[in-house]
Amino acid sequence: MLWPVSFCLCELRLALAVCCSNSSRLNKESDVTGPTSEERAFWEEHGYLEFEQALAGDQLQRLQRAFKQAVTDCKPDWLEGIARGTAPAAHFDIPNPFQRDDVFIDIVDYPAWYPYLMDFADGELTILAPQVRTLPAQPISYVGWHGDVPQTNPLHMKVQIYVEDVPADGGAFAYVPGSHKPDAGPCPRPRLLDAMPGRKVFPGKAGDAILFNSYGWHTSMINTTSTARKSIILIYEKWSEGKVSPDRYASIADRLTTPARRRLFCLDTMHAA
Ligand SMILES: O=C(O)CCC(=O)C(=O)O
Ligand SMILES: [Fe+2]
């Protein structure tokens, strides 16, 4: 009999939502089907959601292996770029990650966060870019407090996935909850990152992910450890006409085989003619 099973799942989910209603931390079991009404309300109020251990086990190891391999392959060119003055020293992004390993494609519509992004984008989601990013341990942050886009931009969202553990003093991502709202005003720019009023710092474990509304103010805190921060930032936007050309991801079309993926990567138009 089907309904008692689904009833039980609903009950379980409701219990989880209620017991977690003061927190944004989601667990693996409760995050595969999109936001509950409590989670949606949290997102709207605070502008972020945390996905604890969203990637674990084999999936996490697959991502860690691909990340490590990509860094090994690309680091010599990066160092040469620094020496020539053509690459920044403060952070390092793997070039063309989608072409390097399928795992970087698979995380774009990964079930732990994809249903949330789809929901918040009213079913019209596009991926703008992946950033497979290393932050060397260094005494300054590569970026100050900022919002990424103005409120006039279509809804812009990012998922930051920690590939290795990131302690609070390891260059952790930080966000000012509520700063994504239209009445937030201009982003303050305190000289010291720690001086930002209302900031929330996100230490995390490998496999944790943070979804944030990029209108909101955020930064990477200083990494005072001796270990580089390794994370991936996926950049999404609510679809708008002409934003992503249909050939942007043509080179990986053989791996974008479902209609949903073809729309997400803008190979197909969002609306049928
Ligand atoms: O590296 C970070 O944690 C901050 C990233 C950032 O500013 C962004 O992804 O827009
Ligand atoms: Fe940013």
# chains A, B, ... in the order shown; residues from 1 in each chain; ligands from 1
$ closest_atom_pairs --of "chain A" --to "ligand 2" --cutoff "7 Å" --atoms "only C-alpha atoms and all ligand atoms" --output "CSV"
residue,atom,partner,partner_atom_place_in_ligand_line,distance
A:His146,CA,ligand 2,1 (Fe),6.3
A:Gly147,CA,ligand 2,1 (Fe),6.0
A:Asp148,CA,ligand 2,1 (Fe),4.9
A:Ser214,CA,ligand 2,1 (Fe),6.8
A:His218,CA,ligand 2,1 (Fe),6.2
A:Thr219,CA,ligand 2,1 (Fe),6.4
$ residues_near_ligand --ligand "ligand 1" --cutoff "10 Å" --atoms "only C-alpha atoms and all ligand atoms" --output "PyMOL selection string"
chain A and resi 91+130-131+133-135+141-149+157-162+171-175+201-202+210+212-222+229-235
$ select_by_dssp --residues "segment 231-260 of chain A" --states "strand (DSSP E)" --output "JSON, numbers by chain"
{"A": [231, 232, 233, 234, 235, 236, 237, 238]}
$ write_last_selection --atoms "N, CA and C atoms" --output "PDB file, in the first residue's frame"
ATOM      1  N   SER A 231      37.623  24.882  -2.890  1.00  0.00           N
ATOM      2  CA  SER A 231      36.165  24.864  -2.996  1.00  0.00           C
ATOM      3  C   SER A 231      35.752  25.091  -4.443  1.00  0.00           C
ATOM      4  N   ILE A 232      34.479  24.874  -4.684  1.00  0.00           N
ATOM      5  CA  ILE A 232      33.917  25.100  -6.019  1.00  0.00           C
ATOM      6  C   ILE A 232      32.732  26.035  -5.856  1.00  0.00           C
ATOM      7  N   ILE A 233      32.677  27.046  -6.709  1.00  0.00           N
ATOM      8  CA  ILE A 233      31.551  27.976  -6.664  1.00  0.00           C
ATOM      9  C   ILE A 233      30.812  27.861  -7.999  1.00  0.00           C
ATOM     10  N   LEU A 234      29.577  27.414  -7.920  1.00  0.00           N
ATOM     11  CA  LEU A 234      28.750  27.291  -9.131  1.00  0.00           C
ATOM     12  C   LEU A 234      27.863  28.524  -9.212  1.00  0.00           C
ATOM     13  N   ILE A 235      27.854  29.149 -10.376  1.00  0.00           N
ATOM     14  CA  ILE A 235      27.119  30.410 -10.543  1.00  0.00           C
ATOM     15  C   ILE A 235      25.875  30.171 -11.401  1.00  0.00           C
ATOM     16  N   TYR A 236      24.738  30.480 -10.842  1.00  0.00           N
ATOM     17  CA  TYR A 236      23.458  30.257 -11.526  1.00  0.00           C
ATOM     18  C   TYR A 236      22.689  31.576 -11.631  1.00  0.00           C
ATOM     19  N   GLU A 237      21.754  31.575 -12.557  1.00  0.00           N
ATOM     20  CA  GLU A 237      20.863  32.734 -12.648  1.00  0.00           C
ATOM     21  C   GLU A 237      19.510  32.264 -13.144  1.00  0.00           C
ATOM     22  N   LYS A 238      18.502  33.009 -12.737  1.00  0.00           N
ATOM     23  CA  LYS A 238      17.184  32.759 -13.320  1.00  0.00           C
ATOM     24  C   LYS A 238      17.276  33.138 -14.793  1.00  0.00           C
TER      25      LYS A 238
END
$ residues_around --residues "Gly57 of chain A" --least-positions-apart "6" --cutoff "12 Å" --atoms "only C-alpha atoms" --output "list in words"
Leu63, Gln64, Ala206 and Gly207 of chain A
$ write_last_selection --atoms "C-alpha atoms" --output "short mmCIF file (atom, residue, chain, number, x, y, z; two decimals), in the first residue's frame"
data_model
loop_
_atom_site.label_atom_id
_atom_site.label_comp_id
_atom_site.auth_asym_id
_atom_site.auth_seq_id
_atom_site.Cartn_x
_atom_site.Cartn_y
_atom_site.Cartn_z
CA LEU A 63 35.12 15.22 -6.73
CA GLN A 64 38.26 15.41 -4.57
CA ALA A 206 34.45 18.53 3.01
CA GLY A 207 31.16 17.91 1.19
#
$ closest_residue --among "A:Leu192, A:Ile140, A:Gly242, A:Asn153" --to "Asn223 of chain A" --atoms "only C-alpha atoms"
A:Ile140
$ atom_distance --atom1 "atom CA of Asp208 of chain A" --atom2 "atom CA of Arg62 of chain A"
14.8 Å
$ residues_around --residues "Pro97 of chain A" --least-positions-apart "5" --cutoff "12 Å" --atoms "only C-alpha atoms" --output "list in words"
Leu63, Ala66, Phe67, Gln69, Ala70, Val71, Asp73, Cys74, Asp102, Val103, Phe104, Ile105, Asp106, Ile107, Val108, Ala129, Pro130, Gln131, Val132, Arg133, Ile232, Ile233, Leu234, Tyr249 and Ile252 of chain A
$ write_last_selection --atoms "C-alpha atoms" --output "mmCIF file, in the first residue's frame"
data_model
loop_
_atom_site.group_PDB
_atom_site.id
_atom_site.type_symbol
_atom_site.label_atom_id
_atom_site.label_comp_id
_atom_site.auth_asym_id
_atom_site.auth_seq_id
_atom_site.Cartn_x
_atom_site.Cartn_y
_atom_site.Cartn_z
ATOM 1 C CA LEU A 63 35.124 15.225 -6.732
ATOM 2 C CA ALA A 66 39.127 15.343 -10.012
ATOM 3 C CA PHE A 67 39.953 18.565 -8.153
ATOM 4 C CA GLN A 69 44.147 16.094 -10.742
ATOM 5 C CA ALA A 70 43.014 19.386 -12.274
ATOM 6 C CA VAL A 71 45.277 21.354 -9.916
ATOM 7 C CA ASP A 73 47.602 19.563 -14.448
ATOM 8 C CA CYS A 74 47.045 23.312 -14.352
ATOM 9 C CA ASP A 102 32.369 14.911 -15.909
ATOM 10 C CA VAL A 103 32.072 15.289 -12.153
ATOM 11 C CA PHE A 104 32.199 19.065 -12.644
ATOM 12 C CA ILE A 105 29.111 18.746 -14.884
ATOM 13 C CA ASP A 106 27.364 16.326 -12.556
ATOM 14 C CA ILE A 107 27.512 18.722 -9.606
ATOM 15 C CA VAL A 108 25.620 21.409 -11.558
ATOM 16 C CA ALA A 129 29.849 29.282 -14.888
ATOM 17 C CA PRO A 130 31.744 26.997 -12.541
ATOM 18 C CA GLN A 131 34.718 28.243 -10.508
ATOM 19 C CA VAL A 132 36.950 25.422 -9.344
ATOM 20 C CA ARG A 133 38.937 27.567 -6.970
ATOM 21 C CA ILE A 232 33.917 25.100 -6.019
ATOM 22 C CA ILE A 233 31.551 27.976 -6.664
ATOM 23 C CA LEU A 234 28.750 27.291 -9.131
ATOM 24 C CA TYR A 249 28.423 24.888 -23.732
ATOM 25 C CA ILE A 252 30.168 19.423 -23.948
#
$ closest_residue --among "A:Pro76, A:Gly85, A:Pro246, A:Pro190" --to "Thr126 of chain A" --atoms "only C-alpha atoms"
A:Pro246
$ residues_around --residues "Asp254 of chain A" --least-positions-apart "2" --cutoff "12 Å" --atoms "only C-alpha atoms" --output "JSON, numbers by chain"
{"A": [98, 99, 102, 105, 249, 250, 251, 252, 256, 257, 258, 261, 262, 267]}
$ write_last_selection --atoms "C-alpha atoms" --output "JSON list (two decimals), in the first residue's frame"
[["chain", "number", "residue", "atom", "x", "y", "z"],
["A", 98, "PHE", "CA", 33.47, 21.08, -17.59],
["A", 99, "GLN", "CA", 35.82, 19.81, -20.28],
["A", 102, "ASP", "CA", 32.37, 14.91, -15.91],
["A", 105, "ILE", "CA", 29.11, 18.75, -14.88],
["A", 249, "TYR", "CA", 28.42, 24.89, -23.73],
["A", 250, "ALA", "CA", 28.27, 23.33, -27.22],
["A", 251, "SER", "CA", 31.64, 21.64, -26.69],
["A", 252, "ILE", "CA", 30.17, 19.42, -23.95],
["A", 256, "LEU", "CA", 24.05, 17.20, -21.86],
["A", 257, "THR", "CA", 21.60, 14.62, -23.05],
["A", 258, "THR", "CA", 18.40, 15.17, -21.06],
["A", 261, "ARG", "CA", 20.17, 19.56, -18.79],
["A", 262, "ARG", "CA", 19.90, 21.06, -22.27],
["A", 267, "LEU", "CA", 21.60, 24.44, -25.48]]
$ atom_distance --atom1 "atom CA of Arg248 of chain A" --atom2 "atom CA of Arg65 of chain A"
26.2 Å
$ residues_around --residues "segment 112-122 of chain A" --least-positions-apart "4" --cutoff "10 Å" --atoms "only C-alpha atoms" --output "PyMOL selection string"
chain A and resi 26-36+39-40+43-44+49-55+107-108+126+154-159+209-213+236-239+264
$ write_last_selection --atoms "C-alpha atoms" --output "PDB file, in the first residue's frame"
ATOM      1  CA  LEU A  26      19.899  20.654   6.023  1.00  0.00           C
ATOM      2  CA  ASN A  27      20.802  17.023   6.089  1.00  0.00           C
ATOM      3  CA  LYS A  28      21.202  14.620   3.225  1.00  0.00           C
ATOM      4  CA  GLU A  29      17.888  12.830   3.662  1.00  0.00           C
ATOM      5  CA  SER A  30      15.742  15.938   3.734  1.00  0.00           C
ATOM      6  CA  ASP A  31      17.207  17.844   0.834  1.00  0.00           C
ATOM      7  CA  VAL A  32      16.504  15.855  -2.306  1.00  0.00           C
ATOM      8  CA  THR A  33      13.085  17.110  -3.240  1.00  0.00           C
ATOM      9  CA  GLY A  34      13.391  20.864  -2.917  1.00  0.00           C
ATOM     10  CA  PRO A  35      12.502  23.260  -0.144  1.00  0.00           C
ATOM     11  CA  THR A  36       9.830  22.790   2.462  1.00  0.00           C
ATOM     12  CA  GLU A  39      13.141  26.269   4.192  1.00  0.00           C
ATOM     13  CA  ARG A  40      11.715  28.606   1.568  1.00  0.00           C
ATOM     14  CA  TRP A  43      15.812  31.462   2.274  1.00  0.00           C
ATOM     15  CA  GLU A  44      13.618  34.474   1.684  1.00  0.00           C
ATOM     16  CA  LEU A  49      20.825  27.816   3.009  1.00  0.00           C
ATOM     17  CA  GLU A  50      23.445  25.352   4.216  1.00  0.00           C
ATOM     18  CA  PHE A  51      23.598  21.760   2.997  1.00  0.00           C
ATOM     19  CA  GLU A  52      25.522  19.688   5.468  1.00  0.00           C
ATOM     20  CA  GLN A  53      27.377  16.699   3.973  1.00  0.00           C
ATOM     21  CA  ALA A  54      25.582  17.188   0.686  1.00  0.00           C
ATOM     22  CA  LEU A  55      28.378  15.222  -0.934  1.00  0.00           C
ATOM     23  CA  ILE A 107      27.512  18.722  -9.606  1.00  0.00           C
ATOM     24  CA  VAL A 108      25.620  21.409 -11.558  1.00  0.00           C
ATOM     25  CA  THR A 126      20.646  28.472 -16.099  1.00  0.00           C
ATOM     26  CA  PRO A 154      17.670  38.535 -12.552  1.00  0.00           C
ATOM     27  CA  LEU A 155      17.897  36.370  -9.426  1.00  0.00           C
ATOM     28  CA  HIS A 156      21.527  35.312  -9.135  1.00  0.00           C
ATOM     29  CA  MET A 157      22.511  32.401  -6.906  1.00  0.00           C
ATOM     30  CA  LYS A 158      25.709  30.580  -6.089  1.00  0.00           C
ATOM     31  CA  VAL A 159      26.496  27.249  -4.510  1.00  0.00           C
ATOM     32  CA  ALA A 209      27.692  23.337   0.554  1.00  0.00           C
ATOM     33  CA  ILE A 210      26.232  26.820   0.975  1.00  0.00           C
ATOM     34  CA  LEU A 211      23.627  28.221  -1.378  1.00  0.00           C
ATOM     35  CA  PHE A 212      23.443  32.009  -1.342  1.00  0.00           C
ATOM     36  CA  ASN A 213      21.578  34.809  -3.009  1.00  0.00           C
ATOM     37  CA  TYR A 236      23.458  30.257 -11.526  1.00  0.00           C
ATOM     38  CA  GLU A 237      20.863  32.734 -12.648  1.00  0.00           C
ATOM     39  CA  LYS A 238      17.184  32.759 -13.320  1.00  0.00           C
ATOM     40  CA  TRP A 239      16.915  32.452 -17.079  1.00  0.00           C
ATOM     41  CA  LEU A 264      20.014  24.339 -17.794  1.00  0.00           C
TER      42      LEU A 264
END
$ atom_distance --atom1 "atom CA of Ser226 of chain A" --atom2 "atom CA of Gln138 of chain A"
8.1 Å
$ select_by_dssp --residues "segment 110-167 of chain A" --states "helix (DSSP H, G or I)" --output "ChimeraX atom specification"
/A:114-120
